[in-house]
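Enquirer: My structure file input17.cif, mmCIF, C-alpha atoms and all ligand atoms, is below:
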```
data_entry
#
loop_
_atom_site.label_atom_id
_atom_site.label_comp_id
_atom_site.auth_asym_id
_atom_site.auth_seq_id
_atom_site.Cartn_x
_atom_site.Cartn_y
_atom_site.Cartn_z
CA MET A 30 -62.31 -1.28 33.75
CA SER A 31 -64.89 -0.39 36.43
CA LEU A 32 -64.28 1.27 39.74
CA VAL A 33 -66.49 2.14 42.64
CA LEU A 34 -65.57 4.61 45.31
CA ARG A 35 -67.48 3.95 48.53
CA ASN A 36 -67.89 5.72 51.83
CA ALA A 37 -66.81 9.24 50.92
CA GLY A 38 -67.61 11.32 54.02
CA ARG A 39 -68.00 14.29 51.71
CA LEU A 40 -68.10 13.77 47.95
CA VAL A 41 -67.29 17.27 46.71
CA THR A 42 -68.78 17.27 43.20
CA CYS A 43 -68.10 20.98 42.49
CA ASP A 44 -71.51 21.05 40.83
CA GLN A 45 -74.28 22.77 42.80
CA GLU A 46 -76.91 20.69 41.04
CA LEU A 47 -75.51 17.47 42.44
CA GLY A 48 -75.26 18.23 46.15
CA GLU A 49 -75.34 20.79 48.93
CA GLY A 50 -73.88 24.28 48.96
CA PRO A 51 -71.63 26.03 46.46
CA LEU A 52 -69.47 22.92 46.10
CA GLY A 53 -72.34 20.47 45.60
CA VAL A 54 -71.32 18.19 48.47
CA ILE A 55 -72.92 14.75 48.83
CA ARG A 56 -72.49 13.61 52.43
CA GLY A 57 -71.94 9.88 52.66
CA GLY A 58 -71.29 9.72 48.92
CA ALA A 59 -70.18 7.17 46.37
CA LEU A 60 -69.09 7.23 42.74
CA VAL A 61 -69.07 4.64 39.96
CA ALA A 62 -66.70 4.82 36.99
CA GLU A 63 -66.62 2.69 33.87
CA LYS A 64 -64.06 2.85 31.08
CA GLY A 65 -62.47 5.92 32.61
CA ARG A 66 -65.69 7.96 32.86
CA ILE A 67 -67.93 8.69 35.81
CA THR A 68 -71.24 6.87 35.29
CA TRP A 69 -72.97 7.59 38.60
CA VAL A 70 -72.63 9.70 41.76
CA GLY A 71 -74.97 9.63 44.75
CA ARG A 72 -75.50 8.44 48.29
CA ASP A 73 -73.36 5.51 49.36
CA ARG A 74 -76.41 3.52 50.47
CA ASP A 75 -77.79 3.68 46.90
CA ALA A 76 -74.54 2.67 45.17
CA LYS A 77 -74.55 -0.41 42.96
CA SER A 78 -71.19 -1.94 42.08
CA PRO A 79 -70.83 -3.11 38.49
CA ARG A 80 -69.69 -6.74 38.22
CA GLY A 81 -65.98 -7.17 38.83
CA ALA A 82 -65.50 -3.52 39.76
CA THR A 83 -62.49 -2.52 41.82
CA GLU A 84 -63.70 -1.12 45.14
CA LEU A 85 -62.02 1.83 46.77
CA ASP A 86 -63.04 2.64 50.35
CA ALA A 87 -62.62 6.33 51.20
CA GLU A 88 -63.15 5.50 54.89
CA GLY A 89 -65.12 8.68 55.51
CA ALA A 90 -62.62 11.05 53.89
CA ALA A 91 -63.48 14.02 51.68
CA VAL A 92 -63.10 13.44 47.94
CA LEU A 93 -62.43 16.20 45.40
CA PRO A 94 -62.36 16.19 41.60
CA GLY A 95 -58.83 15.74 40.22
CA LEU A 96 -57.30 19.21 40.48
CA VAL A 97 -56.73 21.24 37.32
CA ASP A 98 -53.71 23.55 36.97
CA CYS A 99 -54.75 25.83 34.13
CA HIS A 100 -51.53 27.88 33.74
CA THR A 101 -48.01 26.44 33.82
CA HIS A 102 -44.72 27.00 32.04
CA LEU A 103 -43.89 23.29 32.27
CA VAL A 104 -41.08 22.71 29.78
CA PHE A 105 -37.74 24.38 30.50
CA ALA A 106 -34.22 23.57 31.62
CA GLY A 107 -32.03 25.18 34.26
CA ASP A 108 -33.14 27.25 37.21
CA ARG A 109 -32.92 30.84 38.48
CA ALA A 110 -32.03 30.35 42.13
CA GLU A 111 -29.46 33.17 41.94
CA GLU A 112 -32.05 35.57 40.55
CA PHE A 113 -34.40 34.51 43.34
CA GLY A 114 -31.75 35.25 45.94
CA ALA A 115 -31.06 38.67 44.44
CA ARG A 116 -34.77 39.44 44.46
CA MET A 117 -35.06 38.49 48.10
CA ARG A 118 -32.17 40.90 48.77
CA GLY A 119 -34.28 43.67 47.22
CA GLU A 120 -33.93 43.60 43.42
CA PRO A 121 -37.25 43.82 41.53
CA TYR A 122 -38.51 41.04 39.23
CA LYS A 123 -37.42 41.77 35.68
CA ALA A 124 -38.76 39.98 32.60
CA GLY A 125 -35.14 39.94 31.36
CA GLY A 126 -34.45 37.02 33.69
CA ILE A 127 -36.42 34.86 31.26
CA ARG A 128 -33.36 34.96 28.98
CA THR A 129 -31.42 32.79 31.44
CA THR A 130 -34.07 30.09 31.07
CA VAL A 131 -34.19 30.54 27.29
CA ALA A 132 -30.43 29.91 27.04
CA ALA A 133 -30.61 26.80 29.25
CA THR A 134 -33.66 25.47 27.42
CA ARG A 135 -32.16 25.92 23.96
CA ALA A 136 -29.02 24.10 25.14
CA ALA A 137 -31.01 21.10 26.42
CA GLY A 138 -31.82 18.11 24.22
CA ASP A 139 -35.33 16.75 23.66
CA GLN A 140 -34.77 13.84 26.04
CA GLU A 141 -33.57 16.06 28.84
CA LEU A 142 -36.52 18.45 28.47
CA THR A 143 -38.92 15.51 28.34
CA ALA A 144 -37.43 13.93 31.47
CA LEU A 145 -37.63 17.24 33.34
CA ALA A 146 -41.26 17.75 32.34
CA LEU A 147 -42.23 14.18 33.30
CA ALA A 148 -40.64 14.54 36.74
CA ARG A 149 -42.64 17.74 37.24
CA LEU A 150 -45.85 15.99 36.15
CA ASP A 151 -45.11 13.25 38.71
CA ARG A 152 -44.98 15.94 41.37
CA PHE A 153 -48.20 17.56 40.14
CA LEU A 154 -49.94 14.18 40.21
CA GLY A 155 -48.72 13.54 43.74
CA PHE A 156 -50.49 16.74 44.78
CA GLY A 157 -53.74 15.51 43.22
CA VAL A 158 -53.45 17.43 39.95
CA THR A 159 -54.76 15.36 37.04
CA THR A 160 -54.85 18.00 34.26
CA VAL A 161 -52.11 20.55 33.56
CA GLU A 162 -52.04 23.26 30.91
CA ALA A 163 -48.45 23.69 29.66
CA LYS A 164 -47.03 26.67 27.77
CA THR A 165 -44.00 26.98 25.54
CA GLY A 166 -42.18 30.31 25.63
CA TYR A 167 -38.57 29.53 26.50
CA GLY A 168 -37.54 28.75 22.91
CA LEU A 169 -38.16 32.08 21.18
CA THR A 170 -37.01 31.08 17.73
CA GLU A 171 -39.38 29.55 15.20
CA ALA A 172 -37.66 26.17 15.42
CA GLU A 173 -37.28 26.21 19.21
CA GLU A 174 -40.89 27.19 19.94
CA LEU A 175 -42.13 24.38 17.70
CA ARG A 176 -39.65 21.95 19.28
CA LEU A 177 -40.97 22.80 22.76
CA LEU A 178 -44.54 22.42 21.52
CA ARG A 179 -43.77 19.00 19.99
CA ILE A 180 -42.12 17.87 23.23
CA THR A 181 -45.16 19.09 25.21
CA ALA A 182 -47.69 17.42 22.92
CA ALA A 183 -45.74 14.13 23.02
CA LEU A 184 -45.54 13.85 26.83
CA GLU A 185 -46.85 10.46 27.94
CA HIS A 186 -48.03 10.65 31.51
CA PRO A 187 -51.17 9.89 33.54
CA VAL A 188 -51.68 13.65 33.93
CA ASN A 189 -53.62 15.15 31.00
CA VAL A 190 -51.49 17.83 29.35
CA VAL A 191 -53.08 20.74 27.47
CA PRO A 192 -50.45 22.33 25.18
CA THR A 193 -50.39 26.09 24.72
CA LEU A 194 -48.16 28.03 22.35
CA LEU A 195 -46.61 31.05 24.09
CA ALA A 196 -44.21 32.04 21.32
CA ALA A 197 -45.04 35.68 22.11
CA HIS A 198 -43.71 35.40 25.66
CA VAL A 199 -40.97 38.04 25.52
CA ILE A 200 -38.89 39.65 22.76
CA PRO A 201 -36.21 37.12 21.71
CA PRO A 202 -32.65 38.15 22.60
CA GLU A 203 -31.54 38.24 18.95
CA SER A 204 -34.65 39.91 17.50
CA ASP A 205 -36.99 42.86 17.97
CA ALA A 206 -40.69 42.91 18.78
CA ALA A 207 -41.96 43.71 15.26
CA THR A 208 -39.82 41.08 13.52
CA TRP A 209 -40.71 38.41 16.05
CA ILE A 210 -44.46 39.15 15.96
CA ASP A 211 -44.34 38.82 12.14
CA ALA A 212 -42.62 35.44 12.45
CA VAL A 213 -45.03 34.26 15.14
CA CYS A 214 -48.14 35.27 13.18
CA GLU A 215 -46.99 34.22 9.73
CA ARG A 216 -45.16 30.98 10.49
CA VAL A 217 -45.15 29.74 14.10
CA ILE A 218 -48.91 29.90 14.76
CA PRO A 219 -49.91 28.21 11.48
CA ALA A 220 -47.37 25.44 12.17
CA ALA A 221 -48.68 25.04 15.73
CA ARG A 222 -52.32 24.47 14.83
CA LYS A 223 -52.14 20.67 15.01
CA LEU A 224 -50.03 20.56 18.17
CA ALA A 225 -51.48 23.24 20.45
CA GLU A 226 -54.97 23.76 21.88
CA PHE A 227 -54.36 27.34 22.98
CA SER A 228 -52.24 30.33 22.05
CA ASP A 229 -51.11 32.86 24.64
CA VAL A 230 -49.34 36.24 24.55
CA TRP A 231 -47.73 38.31 27.30
CA CYS A 232 -49.35 41.73 26.80
CA GLU A 233 -46.98 43.91 28.80
CA PRO A 234 -45.83 47.17 27.26
CA ASN A 235 -42.93 47.24 29.77
CA GLY A 236 -41.10 44.02 29.04
CA ALA A 237 -43.07 42.09 26.43
CA PHE A 238 -45.66 43.07 23.79
CA ASP A 239 -48.05 46.01 23.45
CA VAL A 240 -51.78 45.80 22.78
CA GLU A 241 -51.49 46.09 18.98
CA GLN A 242 -48.83 43.37 18.78
CA SER A 243 -50.84 41.19 21.15
CA ARG A 244 -54.01 41.69 19.11
CA ARG A 245 -52.20 40.51 15.99
CA VAL A 246 -51.06 37.36 17.78
CA LEU A 247 -54.58 36.66 19.01
CA GLU A 248 -56.14 37.27 15.59
CA ALA A 249 -53.67 34.93 13.91
CA SER A 250 -54.29 32.35 16.63
CA ARG A 251 -58.04 32.56 16.21
CA SER A 252 -57.68 32.13 12.44
CA ALA A 253 -55.62 29.01 13.11
CA GLY A 254 -58.45 27.64 15.26
CA LEU A 255 -56.57 27.93 18.55
CA GLY A 256 -58.20 28.94 21.84
CA LEU A 257 -57.00 32.28 23.22
CA LYS A 258 -55.26 33.22 26.46
CA VAL A 259 -53.54 36.42 27.57
CA HIS A 260 -50.95 37.15 30.28
CA ALA A 261 -52.53 40.45 31.27
CA GLU A 262 -51.97 43.30 33.72
CA GLN A 263 -49.09 41.54 35.51
CA LEU A 264 -46.35 44.14 35.97
CA GLY A 265 -48.53 47.19 35.33
CA PRO A 266 -51.77 48.22 33.64
CA GLY A 267 -51.25 47.28 29.99
CA GLY A 268 -54.60 46.86 28.25
CA GLY A 269 -54.31 43.07 28.15
CA ALA A 270 -57.51 42.36 30.07
CA ALA A 271 -59.65 44.59 27.85
CA LEU A 272 -58.03 42.97 24.81
CA ALA A 273 -58.74 39.46 26.17
CA ALA A 274 -62.40 40.42 26.63
CA GLU A 275 -62.61 42.06 23.19
CA MET A 276 -61.18 38.94 21.54
CA GLY A 277 -63.38 36.58 23.56
CA ALA A 278 -60.34 34.86 25.09
CA THR A 279 -60.98 31.76 27.17
CA SER A 280 -58.90 33.24 30.00
CA ALA A 281 -57.05 36.36 31.09
CA ASP A 282 -54.25 35.48 33.48
CA HIS A 283 -52.42 37.34 36.32
CA LEU A 284 -54.59 40.52 36.56
CA GLU A 285 -52.65 42.10 39.41
CA HIS A 286 -53.33 45.56 37.92
CA VAL A 287 -56.83 44.93 36.51
CA THR A 288 -59.38 47.78 36.80
CA PRO A 289 -63.11 47.65 37.59
CA ALA A 290 -63.89 48.53 33.95
CA ASP A 291 -61.74 45.59 32.80
CA ALA A 292 -63.59 43.37 35.25
CA TYR A 293 -66.99 44.22 33.74
CA ALA A 294 -65.60 43.56 30.27
CA LEU A 295 -64.18 40.15 31.31
CA ALA A 296 -67.47 39.22 32.98
CA ASP A 297 -69.49 40.19 29.89
CA ALA A 298 -67.18 38.22 27.62
CA GLY A 299 -67.27 35.13 29.87
CA THR A 300 -63.47 35.23 30.02
CA VAL A 301 -62.20 33.36 33.09
CA GLY A 302 -59.76 35.29 35.31
CA VAL A 303 -56.78 33.14 36.34
CA LEU A 304 -55.07 34.38 39.51
CA MET A 305 -51.65 33.23 40.70
CA PRO A 306 -51.00 34.36 44.26
CA GLY A 307 -47.70 32.44 44.45
CA ALA A 308 -46.18 34.63 41.73
CA SER A 309 -47.24 37.82 43.52
CA MET A 310 -45.95 36.51 46.84
CA LEU A 311 -42.46 35.67 45.58
CA THR A 312 -41.99 38.72 43.37
CA ALA A 313 -43.24 41.21 45.97
CA ALA A 314 -45.92 42.26 43.48
CA PRO A 315 -49.44 43.37 44.38
CA TYR A 316 -52.12 40.72 44.72
CA ALA A 317 -54.84 40.57 42.11
CA PRO A 318 -58.08 42.19 43.40
CA ALA A 319 -59.98 38.93 43.62
CA ARG A 320 -63.01 40.22 45.48
CA MET A 321 -63.40 43.16 43.13
CA LEU A 322 -63.38 40.71 40.19
CA ILE A 323 -65.92 38.37 41.79
CA GLU A 324 -68.22 41.24 42.74
CA ARG A 325 -68.27 42.28 39.08
CA GLY A 326 -69.16 38.79 37.91
CA VAL A 327 -65.79 37.42 36.77
CA ARG A 328 -65.32 33.69 37.17
CA LEU A 329 -62.01 33.02 38.92
CA ALA A 330 -59.54 30.17 38.67
CA LEU A 331 -56.33 29.75 40.69
CA SER A 332 -53.06 28.39 39.36
CA THR A 333 -49.46 27.82 40.39
CA ASP A 334 -48.07 29.67 37.31
CA PHE A 335 -45.37 26.96 37.65
CA ASN A 336 -42.20 28.51 36.14
CA PRO A 337 -38.57 29.05 37.18
CA GLY A 338 -38.79 32.85 37.45
CA THR A 339 -41.80 33.86 39.49
CA SER A 340 -43.38 30.73 40.99
CA TYR A 341 -41.49 27.45 41.15
CA THR A 342 -43.97 25.05 42.72
CA GLU A 343 -46.14 22.12 41.65
CA ASN A 344 -48.23 22.43 44.82
CA LEU A 345 -51.64 23.57 43.58
CA GLN A 346 -53.16 22.78 46.99
CA LEU A 347 -51.02 25.56 48.42
CA MET A 348 -52.65 28.02 46.00
CA VAL A 349 -56.00 27.25 47.64
CA ALA A 350 -54.53 28.38 50.97
CA LEU A 351 -52.92 31.46 49.41
CA GLY A 352 -56.18 32.20 47.60
CA CYS A 353 -57.89 32.37 50.98
CA GLY A 354 -55.13 34.04 52.98
CA LEU A 355 -53.80 36.50 50.43
CA LEU A 356 -56.61 37.00 47.90
CA LYS A 357 -59.39 36.83 50.53
CA LEU A 358 -61.36 34.13 48.77
CA THR A 359 -63.64 31.80 50.70
CA PRO A 360 -62.49 28.16 50.81
CA GLU A 361 -65.35 27.29 48.45
CA GLU A 362 -64.33 29.96 45.92
CA ALA A 363 -60.71 28.86 46.12
CA LEU A 364 -61.59 25.17 45.67
CA LEU A 365 -63.79 25.97 42.65
CA GLY A 366 -60.77 27.88 41.33
CA VAL A 367 -58.66 24.73 41.10
CA THR A 368 -61.48 22.46 39.87
CA ARG A 369 -64.51 23.55 37.87
CA ASN A 370 -63.40 27.11 37.09
CA ALA A 371 -59.88 25.94 36.20
CA ALA A 372 -61.42 23.47 33.76
CA ALA A 373 -63.40 26.37 32.26
CA ALA A 374 -60.14 28.33 31.91
CA ILE A 375 -58.87 25.63 29.54
CA GLY A 376 -62.16 25.04 27.74
CA ARG A 377 -62.66 21.63 29.39
CA GLU A 378 -65.59 22.17 31.71
CA ASP A 379 -67.36 19.26 30.02
CA ARG A 380 -64.40 16.95 30.62
CA CYS A 381 -62.89 17.57 34.06
CA GLY A 382 -63.11 19.65 37.23
CA ARG A 383 -66.35 18.13 38.57
CA LEU A 384 -67.56 14.75 39.80
CA LYS A 385 -70.42 14.36 37.38
CA PRO A 386 -71.58 11.49 35.18
CA GLY A 387 -70.03 11.74 31.72
CA LEU A 388 -66.84 13.46 32.89
CA GLU A 389 -63.42 11.87 33.30
CA ALA A 390 -63.09 9.65 36.39
CA ALA A 391 -60.40 11.77 38.03
CA PHE A 392 -60.55 12.39 41.76
CA VAL A 393 -58.51 12.85 44.90
CA VAL A 394 -59.25 11.09 48.17
CA LEU A 395 -57.99 13.49 50.83
CA ASP A 396 -56.18 12.58 53.99
CA SER A 397 -58.90 14.58 55.74
CA ARG A 398 -62.62 14.58 56.52
CA SER A 399 -63.16 18.08 55.14
CA GLU A 400 -62.24 19.75 51.86
CA VAL A 401 -61.72 23.00 53.78
CA ASP A 402 -58.49 21.46 55.13
CA VAL A 403 -56.87 22.07 51.73
CA ALA A 404 -56.80 25.75 52.77
CA TYR A 405 -56.75 25.34 56.54
CA HIS A 406 -54.14 22.57 57.00
CA TYR A 407 -51.85 24.23 54.50
CA GLY A 408 -48.39 23.63 53.11
CA VAL A 409 -48.71 19.85 53.39
CA ASN A 410 -49.89 17.35 50.82
CA LEU A 411 -53.41 16.17 51.65
CA ALA A 412 -53.77 13.90 48.59
CA ALA A 413 -53.94 10.33 49.90
CA THR A 414 -55.08 8.55 46.71
CA VAL A 415 -55.27 10.05 43.22
CA VAL A 416 -57.43 8.41 40.53
CA ARG A 417 -57.22 9.42 36.90
CA GLY A 418 -58.94 7.78 33.93
CA GLY A 419 -60.68 5.47 36.41
CA GLU A 420 -57.41 4.02 37.71
CA VAL A 421 -55.35 4.68 40.81
CA ALA A 422 -52.44 6.81 39.55
CA ALA A 423 -50.81 7.95 42.81
O1 LIG B 1 -46.25 34.01 34.18
N1 LIG B 1 -45.41 36.63 32.75
C1 LIG B 1 -44.66 35.99 32.12
N2 LIG B 1 -44.20 34.77 32.35
C2 LIG B 1 -44.02 34.14 33.61
C3 LIG B 1 -42.68 34.35 34.17
C4 LIG B 1 -41.71 33.55 33.44
C5 LIG B 1 -40.32 33.61 33.97
O2 LIG B 1 -39.95 34.53 34.72
O3 LIG B 1 -39.57 32.68 33.59
C6 LIG B 1 -45.15 34.38 34.56
O4 LIG B 1 -45.00 34.89 35.68
FE FE B 2 -47.38 32.67 33.38
#
```
Would you mind writing the file's structure down as structure tokens?
Expert:
Amino acid sequence: MSLVLRNAGRLVTCDQELGEGPLGVIRGGALVAEKGRITWVGRDRDAKSPRGATELDAEGAAVLPGLVDCHTHLVFAGDRAEEFGARMRGEPYKAGGIRTTVAATRAAGDQELTALALARLDRFLGFGVTTVEAKTGYGLTEAEELRLLRITAALEHPVNVVPTLLAAHVIPPESDAATWIDAVCERVIPAARKLAEFSDVWCEPNGAFDVEQSRRVLEASRSAGLGLKVHAEQLGPGGGAALAAEMGATSADHLEHVTPADAYALADAGTVGVLMPGASMLTAAPYAPARMLIERGVRLALSTDFNPGTSYTENLQLMVALGCGLLKLTPEEALLGVTRNAAAAIGREDRCGRLKPGLEAAFVVLDSRSEVDVAYHYGVNLAATVVRGGEVAA
């Protein structure tokens, strides 16, 4: 039940109050966990092991909080390798490709979808990710969206799963926008209130829903007690970021086409900006203006956007490298984007994303002496040991 981590060359708390620099690093650090929670962090020489505690020796390595992927489309069947190939030959990304995944997902049974999601969570965990937000959105009928949400909420895995309803992902193949938005607001959202933590909408006048339709979804979601998220400004400027700020959404995600005025509004509202450089990279889309957002006070998280259309990877470490190389973030900004700020993007800053007493005992011992290697030594898996809930999970 108790665990002590000794001899961390750099214990990266991601809390400035607990250590040096923007990442709150404790050099020569240690951590004590009891009953799955962190009870103490400090210098190794001051550490006291509780009786019978399991000891883990970091052997001088850097230790990070368990990574948080705050935006994934986890539950789906099939793949879109052909669409990917066509895109690489020059075709643009079209939201219509989502229909291929919708057809495959509807055709898959609960067990198959569960097995696929669990295998993906295994991969996330192997990369040091201990909390994953997971959206529906490939069902697109009332029954199918609720089935995907039930499957998501029932996943049993060491990774914490945060279920999000994305019934308003795109217009269903057999419906129209107005009819579907009515169904989502009047029936799907009320039925989702006990299963989902968040509700999301793709605000994209060219391919999904306009601002008025998106506002209705967010208002219904708020009335149902769900946290709010918006896929905003992805394919073009669409008013989604301003709407997210107006509605006090927890996060506004994508933001490739966000404007300086939007940025001030997001900063004022305390809405976290979630950037997904992998999706831009593999759809030949512009990169979100990360520095512009930071300069205007927006808190930034980074995510894989794990999905079969625009970004098919569970490697959140790679997003730290892409955040630096493509979005021009510093390693510290990028690392905060997959820890503390990612936790804020799913309303869990008091539960995960930092190594702080009271929070979940979830951490990654790196195969490296420096946390900067997550960006610098890129494309490989630097997670040597992953602890979640105070127990070694990978
Ligand atoms: O976040 N923007 C909408 N949804 C996904 C793409 C989903 C898909 O193509 O299957 C995204 O990029
Ligand atoms: Fe997405």
Enquirer: What are the closest atom pairs, with distances in Å to one decimal, for all residues of region 327-368 of chain A lying within 12 Å of region 53-76 of chain A? Consider all atoms listed in the file, order rows by chain and residue number, and present the result as JSON lines.
Expert:
```
{"residue": "A:Glu361", "atom": "CA", "partner": "A:Gly53", "partner_atom": "CA", "distance": 10.2}
{"residue": "A:Leu364", "atom": "CA", "partner": "A:Gly53", "partner_atom": "CA", "distance": 11.7}
{"residue": "A:Leu365", "atom": "CA", "partner": "A:Gly53", "partner_atom": "CA", "distance": 10.6}
```
Enquirer: Using all atoms listed in the file, which of the listed residues (A:Arg325, A:Arg369, A:Arg380, A:Arg128) sits closest to ligand LIG 1 (chain B)?
Expert: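 Using all atoms listed in the file, the shortest distance to ligand LIG 1 (chain B) belongs to A:Arg128.
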Enquirer: Give me, as a list in words, the set of residues whose atoms come within 7 Å of any atom of ligand LIG 1 (chain B), counting only C-alpha atoms and all ligand atoms.
Expert: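 Based on only C-alpha atoms and all ligand atoms, ligand LIG 1 (chain B) is surrounded within 7 Å by Ala124, Gly126, Ile127, Thr130, His198, Trp231, His260, Gln263, Ala308, Asp334, Asn336, Pro337, Gly338, Thr339 and Ser340 of chain A.
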Enquirer: Fewer than 5 positions away in the same chain doesn't count, so skip those; otherwise give me all residues within 6 Å of region 162-176 of chain A, counting all atoms listed in the file, as a list in words.
Expert: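 In the requested form, the answer reads Cys99, His100, Thr101, His102, Leu103, Val131, Val190, Val191, Pro192, Thr193, Leu194, Leu195, Ala196, His198, Pro201 and Val217 of chain A.
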Enquirer: Output the selection as an mmCIF file, keeping the file's coordinate frame - C-alpha atoms for each residue.
Expert:
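Below is the file selection08.cif, written as the result:
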```cif
data_model
loop_
_atom_site.group_PDB
_atom_site.id
_atom_site.type_symbol
_atom_site.label_atom_id
_atom_site.label_comp_id
_atom_site.auth_asym_id
_atom_site.auth_seq_id
_atom_site.Cartn_x
_atom_site.Cartn_y
_atom_site.Cartn_z
ATOM 1 C CA CYS A 99 -54.750 25.830 34.130
ATOM 2 C CA HIS A 100 -51.530 27.880 33.740
ATOM 3 C CA THR A 101 -48.010 26.440 33.820
ATOM 4 C CA HIS A 102 -44.720 27.000 32.040
ATOM 5 C CA LEU A 103 -43.890 23.290 32.270
ATOM 6 C CA VAL A 131 -34.190 30.540 27.290
ATOM 7 C CA VAL A 190 -51.490 17.830 29.350
ATOM 8 C CA VAL A 191 -53.080 20.740 27.470
ATOM 9 C CA PRO A 192 -50.450 22.330 25.180
ATOM 10 C CA THR A 193 -50.390 26.090 24.720
ATOM 11 C CA LEU A 194 -48.160 28.030 22.350
ATOM 12 C CA LEU A 195 -46.610 31.050 24.090
ATOM 13 C CA ALA A 196 -44.210 32.040 21.320
ATOM 14 C CA HIS A 198 -43.710 35.400 25.660
ATOM 15 C CA PRO A 201 -36.210 37.120 21.710
ATOM 16 C CA VAL A 217 -45.150 29.740 14.100
#
```
Enquirer: Which of these residues is nearest to ligand FE 2 (chain B), using all atoms listed in the file: A:Val92, A:Ala37, A:Leu272, A:Met305?
Expert: A:Met305
Enquirer: Rank A:Arg383, A:Lys258, A:Arg135, A:Arg152 by their smallest atom-to-atom distance to ligand FE 2 (chain B), using only C-alpha atoms and all ligand atoms, and report the top residue only.
Expert: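 Of A:Arg383, A:Lys258, A:Arg135, A:Arg152, the one nearest ligand FE 2 (chain B), counting only C-alpha atoms and all ligand atoms, is A:Lys258.
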Enquirer: Hey, what's within 12 Å of Thr143 (chain A) if we count only C-alpha atoms and toss same-chain stuff fewer than 3 positions away? As a list in words, please?
Expert: Leu103, Val104, Phe105, Ala106, Thr134, Ala137, Gly138, Asp139, Gln140, Ala146, Leu147, Ala148, Arg149, Leu150, Arg176, Leu177, Leu178, Arg179, Ile180, Thr181, Ala182, Ala183, Leu184, Glu185 and His186 of chain A
Enquirer: Using all atoms of region 50-56 of chain A listed in the file and a margin of 3 Å per side, can you give the axis-aligned box centre and edge lengths in Å to one decimal, as JSON?
Expert:
```
{"center_x": -71.7, "center_y": 19.8, "center_z": 49.0, "size_x": 10.4, "size_y": 18.4, "size_z": 12.8}
```
Enquirer: Considering only C-alpha atoms and all ligand atoms, can you say which of A:Gly114, A:Pro121, A:Gly382, A:Gly307 comes closest to ligand FE 2 (chain B)?
Expert: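 When distances to ligand FE 2 (chain B) are compared using only C-alpha atoms and all ligand atoms, the smallest one comes from A:Gly307.
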Enquirer: How many Å lie between CA of Val287 (chain A) and CA of Ala261 (chain A), rounded to one decimal?
Expert: 8.1 Å
Enquirer: I'd like the interatomic distance between CA of Glu248 (chain A) and CA of Gly326 (chain A), to a tenth of an Å.
Expert: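 Computing the Euclidean distance for CA of Glu248 (chain A) and CA of Gly326 (chain A) yields 25.9 Å.
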Enquirer: Looking at A:Pro315, A:Pro187, A:Gly48, A:Pro266, which one is nearest to Phe153 (chain A), with distances taken over all atoms listed in the file?
Expert: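 Closest to Phe153 (chain A) of all the choices is A:Pro187.
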Enquirer: Quick one: everything within 7 Å of Ala281 (chain A), counting only C-alpha atoms, minus sequence neighbours fewer than 6 positions away in the same chain. Send it as a PyMOL selection string.
Expert: chain A and resi 258-261+270+273+300-303
Enquirer: So what do you get for CA of Leu47 (chain A) versus CA of Pro386 (chain A), distance-wise?
Expert: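 For CA of Leu47 (chain A) relative to CA of Pro386 (chain A), the distance reads 10.2 Å.
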Enquirer: Taking the point (-67.1, 36.1, 51.6) as given in the file, collect each protein or nucleic acid residue that comes within 9 Å of it, counting all atoms listed in the file, and present the set as an MDAnalysis selection string.
Expert: chainID A and resid 320 357:359 362
Enquirer: Compare A:Asn189, A:Ser332, A:Gln45, A:Asn36 by their minimum atom-to-atom distance to ligand FE 2 (chain B), counting only C-alpha atoms and all ligand atoms, and give me the closest one.
Expert: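 Selected residue with least distance to ligand FE 2 (chain B): A:Ser332.
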Enquirer: Residues near His286 (chain A), anyone? I mean within 7 Å using all atoms listed in the file, not counting same-chain ones fewer than 2 positions away, as a compact mmCIF listing (two decimals) with C-alpha atoms, in the coordinates of the input.
Expert:
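Output file out.txt is given in full below:
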```txt
# COMPACT_ATOMS: atom_id res chain seq x y z
CA GLU A 262 -51.97 43.30 33.72
CA GLN A 263 -49.09 41.54 35.51
CA GLY A 265 -48.53 47.19 35.33
CA PRO A 266 -51.77 48.22 33.64
CA LEU A 284 -54.59 40.52 36.56
CA THR A 288 -59.38 47.78 36.80
CA ALA A 317 -54.84 40.57 42.11
```
Enquirer: Please list as an NGL selection string every residue within 12 Å of Val403 (chain A), counting all atoms listed in the file and excluding residues in the same chain fewer than 3 positions away.
Expert: :A and (91-93 or 96 or 156-157 or 344-353 or 359-361 or 363-364 or 367 or 393-400 or 406-412)
